[in-house]
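Trainee: PDB, C-alpha atoms, pLDDT in the B column, saved as upload-v6.pdb, coming up:
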```pdb
MODEL        1
ATOM      1  CA  TRP A 266       8.790   0.604  16.312  1.00 79.00           C
ATOM      2  CA  GLU A 267       9.889   3.829  14.717  1.00 79.00           C
ATOM      3  CA  SER A 268       8.768   7.246  16.030  1.00 84.00           C
ATOM      4  CA  PHE A 269       6.836   8.757  18.927  1.00 89.00           C
ATOM      5  CA  ALA A 270       4.640  11.840  19.451  1.00 89.00           C
ATOM      6  CA  TYR A 271       2.080  13.001  21.981  1.00 92.00           C
ATOM      7  CA  ASP A 272      -0.946  15.241  22.414  1.00 96.00           C
ATOM      8  CA  ALA A 273      -1.081  16.720  25.910  1.00 94.00           C
ATOM      9  CA  ARG A 274      -3.426  19.646  25.307  1.00 95.00           C
ATOM     10  CA  ASP A 275      -5.731  18.022  27.848  1.00 96.00           C
ATOM     11  CA  THR A 276      -3.402  16.953  30.642  1.00 95.00           C
ATOM     12  CA  SER A 277      -6.131  14.810  32.204  1.00 96.00           C
ATOM     13  CA  THR A 278      -6.346  12.707  29.019  1.00 96.00           C
ATOM     14  CA  PRO A 279      -2.979  12.726  27.275  1.00 96.00           C
ATOM     15  CA  ARG A 280      -2.553  10.677  24.107  1.00 97.00           C
ATOM     16  CA  PHE A 281       0.680   9.016  23.003  1.00 96.00           C
ATOM     17  CA  PHE A 282       1.261   7.881  19.418  1.00 96.00           C
ATOM     18  CA  LEU A 283       3.695   5.364  17.964  1.00 95.00           C
ATOM     19  CA  THR A 284       4.502   4.428  14.361  1.00 93.00           C
ATOM     20  CA  GLU A 285       5.783   1.073  13.138  1.00 93.00           C
ATOM     21  CA  ASP A 286       8.101   0.702  10.135  1.00 89.00           C
ATOM     22  CA  HIS A 287       6.526  -2.471   8.758  1.00 94.00           C
ATOM     23  CA  GLU A 288       4.223  -3.382   5.884  1.00 95.00           C
ATOM     24  CA  ARG A 289       1.483  -4.171   8.426  1.00 96.00           C
ATOM     25  CA  GLY A 290       2.635  -1.596  10.938  1.00 96.00           C
ATOM     26  CA  CYS A 291      -0.385   0.324  12.224  1.00 97.00           C
ATOM     27  CA  LEU A 292      -0.308   3.612  14.094  1.00 97.00           C
ATOM     28  CA  ARG A 293      -0.935   3.107  17.815  1.00 98.00           C
ATOM     29  CA  ARG A 294      -2.564   5.452  20.320  1.00 98.00           C
ATOM     30  CA  PHE A 295      -2.054   4.906  24.043  1.00 97.00           C
ATOM     31  CA  THR A 296      -4.141   6.634  26.732  1.00 97.00           C
ATOM     32  CA  PRO A 297      -3.020   6.020  30.357  1.00 96.00           C
ATOM     33  CA  ASP A 298      -5.699   5.243  32.917  1.00 96.00           C
ATOM     34  CA  VAL A 299      -4.237   7.581  35.551  1.00 93.00           C
ATOM     35  CA  PRO A 300      -1.904  10.261  34.139  1.00 94.00           C
ATOM     36  CA  ASN A 301       0.979  10.979  36.491  1.00 92.00           C
ATOM     37  CA  TRP A 302       2.846  14.069  35.368  1.00 92.00           C
ATOM     38  CA  ASP A 303       5.221  13.774  38.319  1.00 92.00           C
ATOM     39  CA  ASP A 304       6.634  10.673  36.646  1.00 90.00           C
ATOM     40  CA  PRO A 305       5.940  10.853  32.891  1.00 87.00           C
ATOM     41  CA  TRP A 306       8.237   7.941  32.029  1.00 85.00           C
ATOM     42  CA  GLN A 307       6.381   5.613  34.377  1.00 88.00           C
ATOM     43  CA  MET A 308       3.091   6.882  32.928  1.00 90.00           C
ATOM     44  CA  LEU A 309       4.044   5.357  29.585  1.00 89.00           C
ATOM     45  CA  HIS A 310       4.439   1.957  31.248  1.00 90.00           C
ATOM     46  CA  SER A 311       1.329   2.107  33.410  1.00 91.00           C
ATOM     47  CA  SER A 312      -2.076   0.612  32.666  1.00 95.00           C
ATOM     48  CA  GLY A 313      -4.093   2.198  29.919  1.00 96.00           C
ATOM     49  CA  LYS A 314      -5.897   1.717  26.637  1.00 97.00           C
ATOM     50  CA  THR A 315      -4.128   1.009  23.348  1.00 98.00           C
ATOM     51  CA  GLU A 316      -5.995   1.660  20.118  1.00 98.00           C
ATOM     52  CA  TYR A 317      -5.051   1.354  16.468  1.00 98.00           C
ATOM     53  CA  LEU A 318      -5.657   3.599  13.473  1.00 98.00           C
ATOM     54  CA  VAL A 319      -8.062   2.609  10.682  1.00 98.00           C
ATOM     55  CA  LEU A 320      -8.333   4.835   7.603  1.00 98.00           C
ATOM     56  CA  SER A 321     -11.317   5.043   5.239  1.00 98.00           C
ATOM     57  CA  PRO A 322     -10.024   6.874   2.146  1.00 97.00           C
ATOM     58  CA  ASN A 323     -12.277   8.821  -0.207  1.00 97.00           C
ATOM     59  CA  GLU A 324     -12.680   8.009  -3.909  1.00 95.00           C
ATOM     60  CA  THR A 325      -9.776  10.225  -4.931  1.00 95.00           C
ATOM     61  CA  ASN A 326      -7.437   8.828  -2.259  1.00 94.00           C
ATOM     62  CA  ASN A 327      -6.407  12.266  -1.015  1.00 94.00           C
ATOM     63  CA  GLY A 328      -8.256  12.161   2.292  1.00 97.00           C
ATOM     64  CA  GLY A 329     -11.208  10.614   4.050  1.00 98.00           C
ATOM     65  CA  THR A 330     -12.248   9.626   7.546  1.00 98.00           C
ATOM     66  CA  TYR A 331     -10.537   7.658  10.273  1.00 98.00           C
ATOM     67  CA  GLU A 332     -11.317   5.856  13.513  1.00 98.00           C
ATOM     68  CA  TRP A 333      -9.525   4.142  16.369  1.00 98.00           C
ATOM     69  CA  THR A 334     -10.158   0.461  17.029  1.00 98.00           C
ATOM     70  CA  ASP A 335      -9.059  -2.100  19.600  1.00 97.00           C
ATOM     71  CA  ASN A 336      -8.927  -4.750  16.852  1.00 98.00           C
ATOM     72  CA  LEU A 337      -5.221  -5.078  16.086  1.00 98.00           C
ATOM     73  CA  GLN A 338      -5.654  -7.451  13.148  1.00 98.00           C
ATOM     74  CA  ARG A 339      -8.162  -5.151  11.466  1.00 98.00           C
ATOM     75  CA  ALA A 340      -5.799  -2.192  11.872  1.00 98.00           C
ATOM     76  CA  GLN A 341      -2.824  -4.166  10.550  1.00 98.00           C
ATOM     77  CA  GLU A 342      -4.757  -5.133   7.426  1.00 98.00           C
ATOM     78  CA  ASN A 343      -5.836  -1.514   6.992  1.00 98.00           C
ATOM     79  CA  ALA A 344      -2.258  -0.263   7.385  1.00 98.00           C
ATOM     80  CA  ASN A 345      -1.074  -2.777   4.809  1.00 97.00           C
ATOM     81  CA  MET A 346      -3.599  -1.374   2.344  1.00 97.00           C
ATOM     82  CA  TYR A 347      -3.337   2.355   3.001  1.00 97.00           C
ATOM     83  CA  TYR A 348      -0.403   3.469   5.165  1.00 97.00           C
ATOM     84  CA  SER A 349       2.289   0.803   5.429  1.00 95.00           C
ATOM     85  CA  PHE A 350       5.846   1.534   6.603  1.00 91.00           C
ATOM     86  CA  SER A 351       4.951   4.598   8.674  1.00 91.00           C
ATOM     87  CA  GLU A 352       7.921   6.495  10.065  1.00 83.00           C
ATOM     88  CA  GLY A 353       8.222  10.125  11.205  1.00 80.00           C
ATOM     89  CA  ILE A 354       5.382  11.535  13.303  1.00 86.00           C
ATOM     90  CA  ASP A 355       4.585  14.842  14.995  1.00 83.00           C
ATOM     91  CA  VAL A 356       1.639  16.563  16.671  1.00 88.00           C
ATOM     92  CA  HIS A 357       0.992  20.272  16.240  1.00 82.00           C
ATOM     93  CA  GLY A 358      -2.105  21.630  17.958  1.00 87.00           C
ATOM     94  CA  ASP A 359      -5.085  19.628  16.760  1.00 93.00           C
ATOM     95  CA  GLN A 360      -3.223  17.986  13.876  1.00 91.00           C
ATOM     96  CA  LEU A 361      -1.203  14.789  13.759  1.00 92.00           C
ATOM     97  CA  PHE A 362       1.318  14.384  10.936  1.00 88.00           C
ATOM     98  CA  PHE A 363       2.984  11.156   9.886  1.00 90.00           C
ATOM     99  CA  VAL A 364       4.827   9.971   6.797  1.00 85.00           C
ATOM    100  CA  CYS A 365       4.953   6.634   4.994  1.00 88.00           C
ATOM    101  CA  LYS A 366       8.212   6.091   3.171  1.00 78.00           C
ATOM    102  CA  LYS A 367       7.314   3.331   0.703  1.00 82.00           C
ATOM    103  CA  ILE A 368       4.264   5.110  -0.726  1.00 88.00           C
ATOM    104  CA  HIS A 369       5.745   8.622  -0.388  1.00 83.00           C
ATOM    105  CA  GLN A 370       2.772  10.070   1.476  1.00 88.00           C
ATOM    106  CA  LEU A 371       2.246  12.613   4.236  1.00 85.00           C
ATOM    107  CA  PHE A 372      -0.931  12.025   6.275  1.00 93.00           C
ATOM    108  CA  VAL A 373      -2.543  14.740   8.412  1.00 91.00           C
ATOM    109  CA  LEU A 374      -5.200  13.725  10.951  1.00 97.00           C
ATOM    110  CA  ASP A 375      -7.638  16.129  12.589  1.00 97.00           C
ATOM    111  CA  LEU A 376      -7.327  15.057  16.215  1.00 97.00           C
ATOM    112  CA  ASP A 377     -10.498  16.873  17.237  1.00 97.00           C
ATOM    113  CA  GLY A 378     -12.550  15.278  14.471  1.00 96.00           C
ATOM    114  CA  SER A 379     -12.521  12.148  12.354  1.00 97.00           C
ATOM    115  CA  THR A 380     -11.125  13.342   9.032  1.00 98.00           C
ATOM    116  CA  PHE A 381      -7.707  13.254   7.411  1.00 98.00           C
ATOM    117  CA  TYR A 382      -5.996  14.297   4.216  1.00 94.00           C
ATOM    118  CA  ASN A 383      -2.853  13.059   2.537  1.00 93.00           C
ATOM    119  CA  GLN A 384      -0.485  14.249  -0.158  1.00 85.00           C
ATOM    120  CA  THR A 385       2.623  13.055  -1.930  1.00 81.00           C
ATOM    121  CA  THR A 386       6.085  13.858  -0.651  1.00 73.00           C
ATOM    122  CA  LYS A 387       7.627  13.401  -4.117  1.00 67.00           C
ATOM    123  CA  HIS A 388       8.331  17.037  -4.850  1.00 56.00           C
ATOM    124  CA  GLY A 389      11.239  18.290  -6.927  1.00 49.00           C
ATOM    125  CA  VAL A 390      14.519  16.752  -5.813  1.00 46.00           C
ATOM    126  CA  PHE A 391      12.784  15.140  -2.846  1.00 49.00           C
ATOM    127  CA  ASP A 392      12.981  11.806  -4.690  1.00 51.00           C
ATOM    128  CA  GLY A 393      13.947   9.549  -1.814  1.00 53.00           C
ATOM    129  CA  GLN A 394      11.700   8.094   0.841  1.00 57.00           C
ATOM    130  CA  PRO A 395      10.473  10.408   3.624  1.00 56.00           C
ATOM    131  CA  ASP A 396      11.887   9.242   6.905  1.00 60.00           C
ATOM    132  CA  GLN A 397      12.040  11.107  10.216  1.00 62.00           C
ATOM    133  CA  MET A 398      10.214  14.342  10.880  1.00 65.00           C
ATOM    134  CA  GLN A 399      10.704  17.293  13.221  1.00 68.00           C
ATOM    135  CA  ARG A 400       8.843  20.574  13.639  1.00 65.00           C
ATOM    136  CA  ILE A 401      10.238  23.973  14.526  1.00 56.00           C
ATOM    137  CA  VAL A 402       7.814  25.675  16.902  1.00 48.00           C
ATOM    138  CA  GLY A 403       6.973  29.216  15.823  1.00 53.00           C
ATOM    139  CA  ASP A 404       3.744  30.615  14.433  1.00 53.00           C
ATOM    140  CA  SER A 405       1.751  30.219  11.212  1.00 51.00           C
ATOM    141  CA  ARG A 406       5.080  30.097   9.373  1.00 60.00           C
ATOM    142  CA  ASP A 407       6.027  26.796  11.006  1.00 70.00           C
ATOM    143  CA  LEU A 408       7.946  24.326   8.893  1.00 76.00           C
ATOM    144  CA  ILE A 409       7.810  20.574   9.261  1.00 79.00           C
ATOM    145  CA  TYR A 410      11.202  19.107   8.387  1.00 82.00           C
ATOM    146  CA  PHE A 411      11.768  15.665   6.849  1.00 79.00           C
ATOM    147  CA  THR A 412      14.870  13.563   6.522  1.00 80.00           C
ATOM    148  CA  GLU A 413      15.238  11.357   3.468  1.00 73.00           C
ATOM    149  CA  GLU A 414      16.082   7.719   2.874  1.00 71.00           C
ATOM    150  CA  GLY A 415      17.861   7.206  -0.447  1.00 62.00           C
ATOM    151  CA  GLY A 416      17.396   9.318  -3.534  1.00 62.00           C
ATOM    152  CA  GLN A 417      19.991  10.890  -5.796  1.00 67.00           C
ATOM    153  CA  ALA A 418      21.136  13.426  -3.216  1.00 71.00           C
ATOM    154  CA  ALA A 419      19.729  12.661   0.217  1.00 77.00           C
ATOM    155  CA  GLY A 420      18.988  15.720   2.312  1.00 82.00           C
ATOM    156  CA  VAL A 421      16.532  17.575   4.524  1.00 85.00           C
ATOM    157  CA  HIS A 422      13.268  18.937   3.182  1.00 81.00           C
ATOM    158  CA  ALA A 423      10.416  20.934   4.676  1.00 81.00           C
ATOM    159  CA  ARG A 424       6.715  21.638   4.274  1.00 77.00           C
ATOM    160  CA  ASP A 425       5.014  24.893   5.260  1.00 76.00           C
ATOM    161  CA  HIS A 426       1.450  25.545   6.445  1.00 72.00           C
ATOM    162  CA  ARG A 427       0.303  26.141   2.857  1.00 75.00           C
ATOM    163  CA  GLY A 428       1.424  22.692   1.756  1.00 73.00           C
ATOM    164  CA  LYS A 429       4.490  23.894  -0.176  1.00 77.00           C
ATOM    165  CA  PHE A 430       7.624  21.762  -0.048  1.00 77.00           C
ATOM    166  CA  TYR A 431      11.188  23.064   0.207  1.00 79.00           C
ATOM    167  CA  THR A 432      14.675  21.617   0.038  1.00 81.00           C
ATOM    168  CA  VAL A 433      16.727  22.889   2.971  1.00 83.00           C
ATOM    169  CA  LEU A 434      19.927  21.009   2.214  1.00 83.00           C
ATOM    170  CA  GLU A 435      21.144  18.107   0.109  1.00 83.00           C
ATOM    171  CA  SER A 436      24.410  16.355  -0.712  1.00 81.00           C
ATOM    172  CA  PRO A 437      25.460  15.076  -4.136  1.00 78.00           C
ATOM    173  CA  ASP A 438      28.180  13.054  -2.382  1.00 81.00           C
ATOM    174  CA  TYR A 439      26.009  11.031   0.010  1.00 76.00           C
ATOM    175  CA  GLN A 440      23.201   8.922  -1.413  1.00 68.00           C
ATOM    176  CA  ASP A 441      22.266   7.064   1.740  1.00 73.00           C
ATOM    177  CA  GLU A 442      19.864   7.998   4.527  1.00 80.00           C
ATOM    178  CA  THR A 443      19.660  11.242   6.482  1.00 82.00           C
ATOM    179  CA  THR A 444      18.473  10.642  10.018  1.00 82.00           C
ATOM    180  CA  GLY A 445      18.626  11.844  13.629  1.00 81.00           C
ATOM    181  CA  LEU A 446      17.095  15.225  12.827  1.00 84.00           C
ATOM    182  CA  ALA A 447      17.027  17.590  15.799  1.00 85.00           C
ATOM    183  CA  PHE A 448      17.230  21.292  16.602  1.00 86.00           C
ATOM    184  CA  SER A 449      18.922  23.246  19.357  1.00 89.00           C
ATOM    185  CA  PRO A 450      16.620  24.790  21.989  1.00 86.00           C
ATOM    186  CA  ASP A 451      16.939  28.240  20.435  1.00 88.00           C
ATOM    187  CA  GLY A 452      16.349  26.872  16.921  1.00 86.00           C
ATOM    188  CA  ARG A 453      19.639  28.251  15.594  1.00 91.00           C
ATOM    189  CA  PHE A 454      21.266  24.886  14.897  1.00 93.00           C
ATOM    190  CA  MET A 455      19.912  21.933  12.989  1.00 90.00           C
ATOM    191  CA  TYR A 456      21.557  18.576  13.565  1.00 91.00           C
ATOM    192  CA  VAL A 457      21.362  15.817  10.974  1.00 88.00           C
ATOM    193  CA  ALA A 458      23.329  12.632  10.340  1.00 87.00           C
ATOM    194  CA  TYR A 459      24.193  10.724   7.179  1.00 86.00           C
ATOM    195  CA  GLN A 460      23.699   7.187   8.391  1.00 82.00           C
ATOM    196  CA  GLY A 461      25.787   5.204   5.903  1.00 81.00           C
ATOM    197  CA  VAL A 462      28.998   7.193   6.320  1.00 85.00           C
ATOM    198  CA  GLY A 463      28.422   7.922  10.010  1.00 88.00           C
ATOM    199  CA  ILE A 464      28.768  11.711   9.847  1.00 89.00           C
ATOM    200  CA  LEU A 465      26.792  14.118  12.051  1.00 91.00           C
ATOM    201  CA  TYR A 466      26.411  17.741  10.901  1.00 91.00           C
ATOM    202  CA  ALA A 467      25.528  20.848  12.893  1.00 94.00           C
ATOM    203  CA  VAL A 468      23.990  23.307  10.419  1.00 92.00           C
ATOM    204  CA  HIS A 469      23.320  27.006  10.980  1.00 92.00           C
ATOM    205  CA  ARG A 470      21.992  29.853   8.873  1.00 88.00           C
ATOM    206  CA  ILE A 471      24.599  32.293   7.555  1.00 88.00           C
ATOM    207  CA  ASP A 472      22.445  35.206   8.773  1.00 89.00           C
ATOM    208  CA  GLY A 473      22.515  33.798  12.313  1.00 88.00           C
ATOM    209  CA  LEU A 474      18.737  33.643  12.612  1.00 86.00           C
ATOM    210  CA  PRO A 475      16.877  30.605  13.972  1.00 85.00           C
ATOM    211  CA  PHE A 476      15.423  28.150  11.501  1.00 81.00           C
ATOM    212  CA  GLN A 477      11.832  29.181  12.253  1.00 73.00           C
ATOM    213  CA  ALA A 478      12.571  32.802  11.316  1.00 67.00           C
ATOM    214  CA  THR A 479      11.645  33.987   7.832  1.00 55.00           C
ATOM    215  CA  PRO A 480      12.741  34.043   5.171  1.00 47.00           C
ATOM    216  CA  LEU A 481      14.633  30.799   4.735  1.00 48.00           C
ATOM    217  CA  ASP A 482      16.768  30.693   1.603  1.00 48.00           C
ATOM    218  CA  VAL A 483      15.446  27.336   0.445  1.00 49.00           C
ATOM    219  CA  LYS A 484      14.221  26.049  -2.879  1.00 47.00           C
ATOM    220  CA  TYR A 485      10.517  25.531  -3.437  1.00 46.00           C
ATOM    221  CA  HIS A 486       9.501  22.474  -5.451  1.00 49.00           C
ATOM    222  CA  ASN A 487       6.220  21.901  -7.250  1.00 47.00           C
ATOM    223  CA  SER A 488       4.681  18.459  -7.275  1.00 41.00           C
ATOM    224  CA  LEU A 489       5.903  16.091  -9.965  1.00 37.00           C
TER     225      LEU A 489
ENDMDL
END
```
Once you've parsed the file, please lay out its structure as structure tokens.

Mentor:
Amino acid sequence: WESFAYDARDTSTPRFFLTEDHERGCLRRFTPDVPNWDDPWQMLHSSGKTEYLVLSPNETNNGGTYEWTDNLQRAQENANMYYSFSEGIDVHGDQLFFVCKKIHQLFVLDLDGSTFYNQTTKHGVFDGQPDQMQRIVGDSRDLIYFTEEGGQAAGVHARDHRGKFYTVLESPDYQDETTGLAFSPDGRFMYVAYQGVGILYAVHRIDGLPFQATPLDVKYHNSL
């Protein structure tokens, strides 16, 4: 297992999502039978329904339709074909985002419908594999942040609501994996670790503003 996200817009029918970093690792959706918000941890271990994601890509492989199935083998075969090695995941409103590191793709599912789109994460110096993902909550200027596994200068990158990618930070000294991405409650500090060397950084903006404030002095990268 890799990463976890949830959709609790309807508290009577919350959905919990889980990625699996494996070539046949399918995205799982769990819906508890009786949601108990007085004990959320126990709710995750109670009885409920587990379903698995199946994608049906379009002819251009940049989107398509999706469905949830209770057939695990079917979903595993589908994941192996279209979205293997899924890692970072997040839910924002009616959209679910997840990344697949081996194929360098970001998938966005419409949770209120049955469609999705996907796009490459290989933008500019973002040449490693997309790993974990975190979102800074703000407004239409939200950024989704990615850590990176490998590449020439592993770092942290971001995507805005228009689909543009940015490099927030990178290191020419560390070429391993960035991981453990998190933000302080007020959004003024970003925490990220370089896994191979075992160093954790607390990063802040020199203007003192939170990371969701604009503008961010980051580099924009066009698609390769």

Trainee: Show me, as a PyMOL selection string, the residues that have an atom within 10 Å of Gln360 (chain A) when counting all atoms listed in the file, minus same-chain residues fewer than 6 positions from it.

Mentor: chain A and resi 272+372-378+381

Trainee: Would you write out those residues with C-alpha atoms, as a PDB file, in the frame of the given file?

Mentor:
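Contents of selection_23.pdb, as written:
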```pdb
ATOM      1  CA  ASP A 272      -0.946  15.241  22.414  1.00 96.00           C
ATOM      2  CA  PHE A 372      -0.931  12.025   6.275  1.00 93.00           C
ATOM      3  CA  VAL A 373      -2.543  14.740   8.412  1.00 91.00           C
ATOM      4  CA  LEU A 374      -5.200  13.725  10.951  1.00 97.00           C
ATOM      5  CA  ASP A 375      -7.638  16.129  12.589  1.00 97.00           C
ATOM      6  CA  LEU A 376      -7.327  15.057  16.215  1.00 97.00           C
ATOM      7  CA  ASP A 377     -10.498  16.873  17.237  1.00 97.00           C
ATOM      8  CA  GLY A 378     -12.550  15.278  14.471  1.00 96.00           C
ATOM      9  CA  PHE A 381      -7.707  13.254   7.411  1.00 98.00           C
TER      10      PHE A 381
END
```

Trainee: Would you pick out the contacts of Arg280 (chain A) at 6 Å or less, using all atoms listed in the file, so that residues sharing its chain but fewer than 6 positions from it are not included, and give the list as a list in words?

Mentor: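 The neighbour list is Tyr271, Asp272, Phe295 and Thr296 of chain A.
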
Trainee: How far is it from CA of Gly358 (chain A) to CA of Thr325 (chain A), in Å with one decimal?

Mentor: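 These two atoms are separated by 26.7 Å.
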
Trainee: Rounded to one decimal place, report the CA of Trp266 (chain A)-CA of Phe282 (chain A) distance in Å.

Mentor: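 One can read the CA of Trp266 (chain A) to CA of Phe282 (chain A) distance as 10.9 Å.
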
Trainee: In terms of the shortest atom-to-atom distance over only C-alpha atoms, which of A:Ser449, A:Ser311, A:Gln460, A:Ser379 is closest to Thr412 (chain A)?

Mentor: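 Counting only C-alpha atoms, the residue closest to Thr412 (chain A) is A:Gln460.
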
Trainee: Under the PyMOL selection byres ((chain A and resi 445) around 6), which residues of this model are included? Write them out as a list in words.

Mentor: Thr444, Leu446, Val457 and Ala458 of chain A

Trainee: Anything within 7 Å of (15.3, 20.8, 6.7): list those residues as a ChimeraX atom specification, counting only C-alpha atoms and sticking to the file's coordinates.

Mentor: /A:410-411,421-423,432-434

Trainee: Output C-alpha atoms for every residue in that selection, as a PDB file, keeping the file's coordinate frame.

Mentor:
```
ATOM      1  CA  TYR A 410      11.202  19.107   8.387  1.00 82.00           C
ATOM      2  CA  PHE A 411      11.768  15.665   6.849  1.00 79.00           C
ATOM      3  CA  VAL A 421      16.532  17.575   4.524  1.00 85.00           C
ATOM      4  CA  HIS A 422      13.268  18.937   3.182  1.00 81.00           C
ATOM      5  CA  ALA A 423      10.416  20.934   4.676  1.00 81.00           C
ATOM      6  CA  THR A 432      14.675  21.617   0.038  1.00 81.00           C
ATOM      7  CA  VAL A 433      16.727  22.889   2.971  1.00 83.00           C
ATOM      8  CA  LEU A 434      19.927  21.009   2.214  1.00 83.00           C
TER       9      LEU A 434
END
```

Trainee: Running the PyMOL selection byres ((chain A and resi 341) around 12) on this model by hand, what would come out? Give it as a PyMOL selection string.

Mentor: chain A and resi 284-293+316-320+334-340+342-351

Trainee: So, counting all atoms listed in the file, which residue among A:Cys365, A:Ala270, A:Leu408, A:Asp441 is closest to Gly420 (chain A)?

Mentor: A:Asp441
